[in-house]
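Read through the structure below, which is laid out as structure tokens, and then see the notes.
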Amino acid sequence: MTVTKAPTEPPKQRTVRRPGDRIFAGSAQGSGIFILLVLAGVAAFLISEAIPAFTAASEDIPGGDGLTSYVWPLILGTLLGSALALVVATPLAVAIALYITYYAPRRVAATMGYVIDLLAAIPSVVYGFWGLIVLAPALVPFHVWLADNLGFIPFFAGPASTSGRTMLTVGLVLALMILPIISAISREVFSQAPALHREAALALGATRWEMIKMAVLPYGKSGIIGGAMLGLGRALGETMAVAIILSGGAAATLNLVSNSNPSTIASNIALRFPEATGLDVNTLIASGLVLFVITLLVNMLARWVVNRRADFSGAN
Amino acid sequence: MSTATQSAPGTPAQRQEQQSVRSQRRLPRFAPLGLYLGGLALGAALSALTGFSLVTTVIYGVALGTLAVYVAARAVEGRRQATDRLVTCLVTTAFGIAMVPLLSLVYTVVTRGAARFDGAFFSNSMFRVVGEGGGAYHAIIGTLIITALTAAISVPIGLMTAIYLVEYGRGRLKKAITFFVDVMTGIPSIVAGLFAFAFFTLLFGNNVRLGVMGAVALSVLMIPVVVRSCEEVLKLVPNELREASYALGVPKWRTVVKVVLPTAIAGLGTGITLAIARVVGETAPLLITVGLITGTNLNPFDGRMATLPVFAYYQLTQPGTSPQAFLDRAWTAALLLIILVMALNIVARLISRFFAPKSGR
């Protein structure tokens with residue numbers, strides 16, 4: 001709809017804009033702006049409900065030592081569980097993505113990708129059930145082994161939990177939940193690696209692994225990093241699985257295998273919110289605000305990394 | 001291929017033959033598989049020596065199998081081929097590792113959930129039920145109502161935004177929307193719940209719990225998913241169709257409604273169905289906005305409602321006088337959730353198969 005404003009032309013010559021066009025374009029643009037408003041609203045409403053907790057006297061906050069010492073162990077727990085999940089899931093997800101894109105037989109590769117995607121479809125509360133009833137008891141010997149043999153590392157200092165409801169189990173379940181996210185994004189960038197580079201490598205006598213090392217991985221590096229960070233964002237905010245599995249307390253400890261674990265922000269909210277009243281609600285919302293800020297930063301960074309690659313990949 | 005430079009004894013012809021044999025020395029086709037299986041068997045034997053258990057069998061077996069393949073390839077084929085085979089083993093193992101929990105999870109949920117997968121579960125609510133019996137009728141209805149409400153909010157907004165991004169958007173607003181929609185997909189579900197709670201608390205006062213609050217919270221999670229998937233699909237509609245329509249004098253909005261959307265309908269249906277599948281199992285936002293009741297509440301604008309995920313959660317974590325009955329109901333609810341999500345996924349695939357535009361050229 002370019003309107004040329006030549007001085008000699010009478011204004012009657014303008015392109016006709018029908019009302020239908022204007023309404024439709026307007027409502028489309030309105031929806032887009034509405035989404036931006038919602039995101040701003042999420043921040044605004046959280047802040048407005050969190051303010052009472054920021055201004056309250058420190059002895060009124062649950063725990064009695066002020067907001068910082070209430071939130072700090074939760075932040076530690078959140079970061080600890082997510083970091084563990086990321087360390088476990090990233091290599092596994094990259095390997096799975098490689099398997100599906102370059103190793104699996106062509107006919108079944110698509111089905112395998114679909115099966116891995118199913119991991120993402122399972123509701124987190126079901127992961128929680130499974131983690132609590134099946135995985136936690138099954139991992140108890142592993143906890144004991146870690147505490148006995150690797151006890152000199154602070155993470156495995158022990159004493160080993162007898163229930164298995166520890167940060168280690170939580171980290172492994174979280175790893176399972178973010179696995180499909182990382183592997184889906186890695187798969188996408190791996191399959192976009194330029195065919196010419198791959199074929200050139202093979203033509204020069206490279207084995208399949210050398211081809212992947214030389215042509216695929218360098219190309220897909222930023223995709224892996226971005227995917228891992230998106231997975232991190234998901235792990236940070238994961239609620240129900242952690243709330244069900246972890247027997248959390250207020251202990252700010254790095255010990256992964258013992259019975260005393262720091263809770264995470266999200267699971268703490270889920271566990272306490274239904275019965276909370278008064279200032280407790282504001283405190284929980286304040287901790288939610290902290291989580292929101294952390295995940296927002298991680299996600300923005302991840303998107304920036306992923307999009308930076310898209311700009312020069314030639315895939316678009 | 002062969003680049004050996006050391007002088008081997010013998011005539012040039014012999015040397016050449018030796019080299020060509022060397023360069024082509026490969027393990028027979030099924031040898032790696034056989035070696036791997038041999039390693040597995042050895043692992044089982046080793047595990048049996050130290051007190052048999054399935055876990056150690058698999059761990060020892062996979063390690064020994066990989067080692068056997070690597071050593072054999074190293075001896076016969078050389079270092080580079082051996083590394084290649086090692087990586088093949090590792091990558092395949094990684095896929096296997098991911099399959100174990102998936103199979104275990106599905107097996108557990110199906111076997112434990114089957115106990116109460118009966119008529120009463122689908123027709124009774126928990127109203128005045130303290131021990132055995134009862135069901136999730138109220139929770140199923142609640143989940144359906146709230147999910148429908150969520151879709152009613154999210155689909156128009158998400159679809160219109162996607163249309164804006166593809167058909168109208170230009171400049172910084174488009175960039176901002178694209179970026180923040182991406183960022184929004186990463187909002188933790190519990191934060192979406194807190195947002196809905198804070199919003200409705202400001203409107204209606206303290207401690208309000210409504211079905212529609214849950215729908216608003218879920219919409220925050222669902223809208224970005226709808227936008228992303230619809231945008232991808234609309235981008236695929238060929239420009240020639242739009243141009244042909246403009247050339248016939250059709251206004252832009254009718255082009256979008258009558259040409260672009262019908263062409264993309266299969267992809268749109270798939271994307272929206274998958275977006276619904278994404279939110280139908282969400283627990284955390286519903287836990288803090290909708291709560292739980294034991295009876296059936298059909299009105300999302302009046303008081304608490306029961307939903308399937310929250311129902312499952314409380315049945316597991318707050319068993320009453322007869323824990324087994326509560327546990328059984330929890331697992332059946334979990335089974336129902338998985339069935340629901342899988343069914344939505346399958347429906348999405350079927351939509352994309354049957355409504356795909358005819359690509360006869």
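By convention here, the chains of the structure tokens are called A, B, ... in the order presented, each chain's residues are numbered starting at 1, and ligands are numbered starting at 1 in the order presented.
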
Need to verify the contact set: Phe179 in chain B, 12 Å, only C-alpha atoms, exclusion of same-chain residues closer than 5 positions in sequence. Can you return it as a PyMOL selection string? (chain A and resi 32+35-36+39+296+299-304+306-307) or (chain B and resi 165+172-174+184-186+224+227-228)

Can you tell me which residues surround Trp72 in chain A at a distance of at most 9 Å, considering only C-alpha atoms, apart from same-chain residues fewer than 5 positions away, and format the answer as a tab-separated table (two decimals) with C-alpha atoms, in the first residue's frame?
chain	number	residue	atom	x	y	z
A	67	LEU	CA	13.96	-12.15	52.14
A	77	GLY	CA	18.92	-25.50	44.87
A	252	ALA	CA	22.07	-24.49	51.65

Which distance in Å separates CA of Ala120 in chain B and CA of Val280 in chain B, to one decimal?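 For CA of Ala120 in chain B relative to CA of Val280 in chain B, the distance reads 22.5 Å.
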
Excluding Arg116 in chain B and its own-chain neighbours fewer than 2 positions away, which residues fall within 12 Å of it when counting only C-alpha atoms? Please give them as a ChimeraX atom specification. /B:109-114,118-122,132-136,324-336

Residue subset to file, keeping C-alpha atoms, as a CSV table (one decimal), in the first residue's frame:
chain,number,residue,atom,x,y,z
B,109,VAL,CA,2.3,-46.1,34.6
B,110,VAL,CA,0.4,-48.7,32.5
B,111,THR,CA,0.7,-51.5,35.0
B,112,ARG,CA,0.0,-49.5,38.1
B,113,GLY,CA,-2.7,-47.4,36.4
B,114,ALA,CA,-4.6,-50.4,35.1
B,118,ASP,CA,-12.7,-48.9,35.2
B,119,GLY,CA,-16.1,-47.5,34.7
B,120,ALA,CA,-16.4,-46.0,38.2
B,121,PHE,CA,-13.3,-44.0,37.6
B,122,PHE,CA,-14.9,-42.3,34.6
B,132,GLU,CA,-11.9,-46.8,48.2
B,133,GLY,CA,-14.1,-46.2,45.2
B,134,GLY,CA,-14.6,-42.7,43.8
B,135,GLY,CA,-13.3,-41.5,40.5
B,136,ALA,CA,-12.0,-38.6,38.5
B,324,GLN,CA,-3.6,-47.9,48.4
B,325,ALA,CA,-6.9,-46.6,47.1
B,326,PHE,CA,-5.5,-43.1,46.7
B,327,LEU,CA,-2.3,-44.4,45.1
B,328,ASP,CA,-4.3,-46.4,42.6
B,329,ARG,CA,-6.4,-43.4,41.6
B,330,ALA,CA,-3.3,-41.3,41.3
B,331,TRP,CA,-1.7,-43.8,38.9
B,332,THR,CA,-4.9,-44.2,36.9
B,333,ALA,CA,-5.1,-40.4,36.6
B,334,ALA,CA,-1.5,-40.3,35.4
B,335,LEU,CA,-2.2,-43.1,32.9
B,336,LEU,CA,-5.2,-41.1,31.6

List every residue of range 58-216 of chain A that DSSP, applied to the backbone of this structure, assigns to alpha helix (DSSP H), and report them as number ranges by chain. A: 67-98, 106-121, 124-130, 136-149, 167-191, 195-203, 208-211

Got a sec: who's within 8 Å of range 232-237 of chain B, counting only C-alpha atoms, leaving out chain neighbours fewer than 2 positions off, as a ChimeraX atom specification? /B:162-163,166,228-230,239,241,260-261,263-264,267-268

If we count only C-alpha atoms, which residues of chain A reach to within 7 Å of chain B? Please list them as a ChimeraX atom specification. /A:20-21,24,28-29,31-32,36,42,45-46,49,92,95-96,99,119,121-123,125-126,130,207-209,233-234,237-240,266,270,273-274,285,288,292,295-296,299-300

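Among the candidate residues B:Leu35, B:Ala348, B:Val100, B:Ala306, the one lying nearest to Ile140 in chain B is B:Ala306, with distances computed using only C-alpha atoms.
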
Range 46-282 of chain A: which residues are strand (DSSP E) by DSSP, as a JSON list (two decimals) with C-alpha atoms, in the first residue's frame?
[["chain", "number", "residue", "atom", "x", "y", "z"],
["A", 248, "GLY", "CA", 13.72, -30.46, 50.39],
["A", 249, "GLY", "CA", 14.58, -28.34, 53.36],
["A", 261, "ASN", "CA", 18.72, -30.76, 50.22],
["A", 262, "PRO", "CA", 17.95, -27.18, 49.37]]

Just to confirm, what's the straight-line distance from CA of Gly214 in chain B to CA of Val38 in chain A in Å (one decimal)?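 Interatomic distance, CA of Gly214 in chain B to CA of Val38 in chain A: 15.3 Å.
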
As a ChimeraX atom specification, please: the residues near Asp148 in chain A (cut-off 12 Å, only C-alpha atoms, same-chain neighbours under 4 positions excluded). /A:141-144,152-153,156-160,257

Just write the chosen residues, C-alpha atoms, as an mmCIF file, in the first residue's frame.
data_model
loop_
_atom_site.group_PDB
_atom_site.id
_atom_site.type_symbol
_atom_site.label_atom_id
_atom_site.label_comp_id
_atom_site.auth_asym_id
_atom_site.auth_seq_id
_atom_site.Cartn_x
_atom_site.Cartn_y
_atom_site.Cartn_z
ATOM 1 C CA PRO A 141 22.680 -48.208 45.758
ATOM 2 C CA PHE A 142 24.186 -45.646 43.382
ATOM 3 C CA HIS A 143 23.973 -43.005 46.126
ATOM 4 C CA VAL A 144 25.717 -45.338 48.563
ATOM 5 C CA PHE A 152 36.046 -36.733 48.989
ATOM 6 C CA ILE A 153 34.240 -34.621 46.381
ATOM 7 C CA PHE A 156 29.064 -36.647 47.100
ATOM 8 C CA ALA A 157 30.067 -36.106 50.720
ATOM 9 C CA GLY A 158 27.179 -38.180 52.068
ATOM 10 C CA PRO A 159 25.838 -39.629 54.280
ATOM 11 C CA ALA A 160 23.927 -41.294 51.470
ATOM 12 C CA VAL A 257 23.395 -37.445 47.797
#
